[in-house]
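Peer 1: Below you'll find the structure I mean.
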Amino acid sequence: MPCEGCMERDNMSTGATMEFLLLGFSELLCLRVLLFLFFLIVHLVTLAGNMMVFMAVVMEPSRPPMLFFLCQLSAIELCYTLVIVPKALLSLIVVDGSTISFIGCAAQMHLFVTLGGAECFLLVAMSYDRYVAICQPLHYMVVMSEGFCLRLAVVCCLGAFAVALGLTVAVFRLPFCHSRHINHFFCDVPAVLHLACTQSYTPELPLLAACVLLLLLPFLLILTSYICIAAALLHVPSSVGKGKAFSTCVSHLAITLLHYGSATFIYIRPKSSYSPARDKVVSLVYTNITPLLYPLIYSLRNKEIREILRKMLRRKKIAQLSCDIIRVEMCVCGKF
């Protein structure tokens, strides 16, 4: 039986009439302009960095499996920031917060969880790639074929889509209280669950199941891969060989720790410990700062990415030089 003050929702009219108010950073009125400029710059740099990595890998004719997964990771990060950041910027412009419809909130949550889950699964695929490369180097090209990598990428996206759909449907079937103010800058799962008019822990079960499928199981698979890699490296006699093998895993490990650390802090805890201010700060990290760091980590640590970016810059310089030469020749011909 719903608690007092809950909104009894008609399934036929909910999507058309119900709205949420995203409060965003309404408590920081004096820092509104500064925050807007900061988020805008971070957002543009993030888009530019991930787009550069994505285009660099796409334009490369011969792509090893790790670069294929990195291309998909950059595409996920591009979509990830476009789903969250524009609404966050809008909440900084509007003084009293920005409204979002019931359907819009559900769609944003579904896309956010889908992209985050796809990234979790993709990190598992990347860890398996490192396992095969180090533990079974002679079979690497056979095991990590182009078709197999493509199937892995599709499975990552479809699996995340299915889990996110189940979680979103479960959350938005709950009765919500009359106060529909979401103390966040997007429709995050804990923030929306906080509005549910329930006194039990039952509504948190879908979130717990999603955390097991999207966070715990992938993390255990990644951990298993690196245990096998560490065991294989113990049998390598040369310290130089160990260093080279481990250096290929550093960038993946850094991204895994960033992604799983933030997500675990936000989602794997009871509703009673929900803290809007703290959650918004942590959410800023994994929706703005983490996607910004990904291209930097891979461009600094991945030799293949650095080489591809050098090729891109070289082609750009050659194209610019050719244009300048043509322009000079046209000017000379015009004089005669």
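So you can find residues: chains in the structure tokens are A, B, ... in the order shown, residues in each start at 1, and ligands are numbered from 1 in order.
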Using only C-alpha atoms, which residues sit within 12 Å of range 110-116 of chain A once same-chain residues fewer than 3 positions away are excluded, as a PyMOL selection string?

Peer 2: chain A and resi 72-85+103-107+119-123+156-172+186-189+207+210-211+213-215+259-260+262-263+267+283+286-287+291

Peer 1: Could you pull out the strand (DSSP E) residues of range 3-114 of chain A, going by DSSP on the backbone, and write them as a list in words?

Peer 2: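 So, restricting range 3-114 of chain A to strand (DSSP E), we get Cys6, Met7, Glu19, Phe20, Leu21, Leu22, Ser98, Thr99, Ile100 and Ser101 of chain A.
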
Peer 1: I'd like to know which residues of range 80-288 of chain A are helix (DSSP H, G or I) (by DSSP, run on the backbone); could you write them as number ranges by chain?

Peer 2: A: 80-93, 102-135, 137-143, 146-172, 189-193, 202-234, 239-267, 271-273, 276-288

Peer 1: Between A:Thr264, A:Asn183, A:Ile134, A:Tyr140, which residue has the minimum interatomic distance to Leu234 in chain A, considering only C-alpha atoms?

Peer 2: A:Ile134

Peer 1: Would you mind listing what lies within 12 Å of Val142 in chain A as a compact mmCIF listing (two decimals) with C-alpha atoms, in the first residue's frame, with only C-alpha atoms counted and same-chain residues fewer than 6 positions away left out?

Peer 2:
# COMPACT_ATOMS: atom_id res chain seq x y z
CA PRO A 65 41.91 -5.64 -31.83
CA ASP A 129 42.48 -9.12 -25.39
CA VAL A 132 45.35 -13.58 -25.07
CA ALA A 133 48.16 -11.26 -26.21
CA GLN A 136 48.72 -17.02 -25.79
CA PHE A 148 35.19 -12.27 -33.09
CA CYS A 149 35.96 -8.68 -31.99
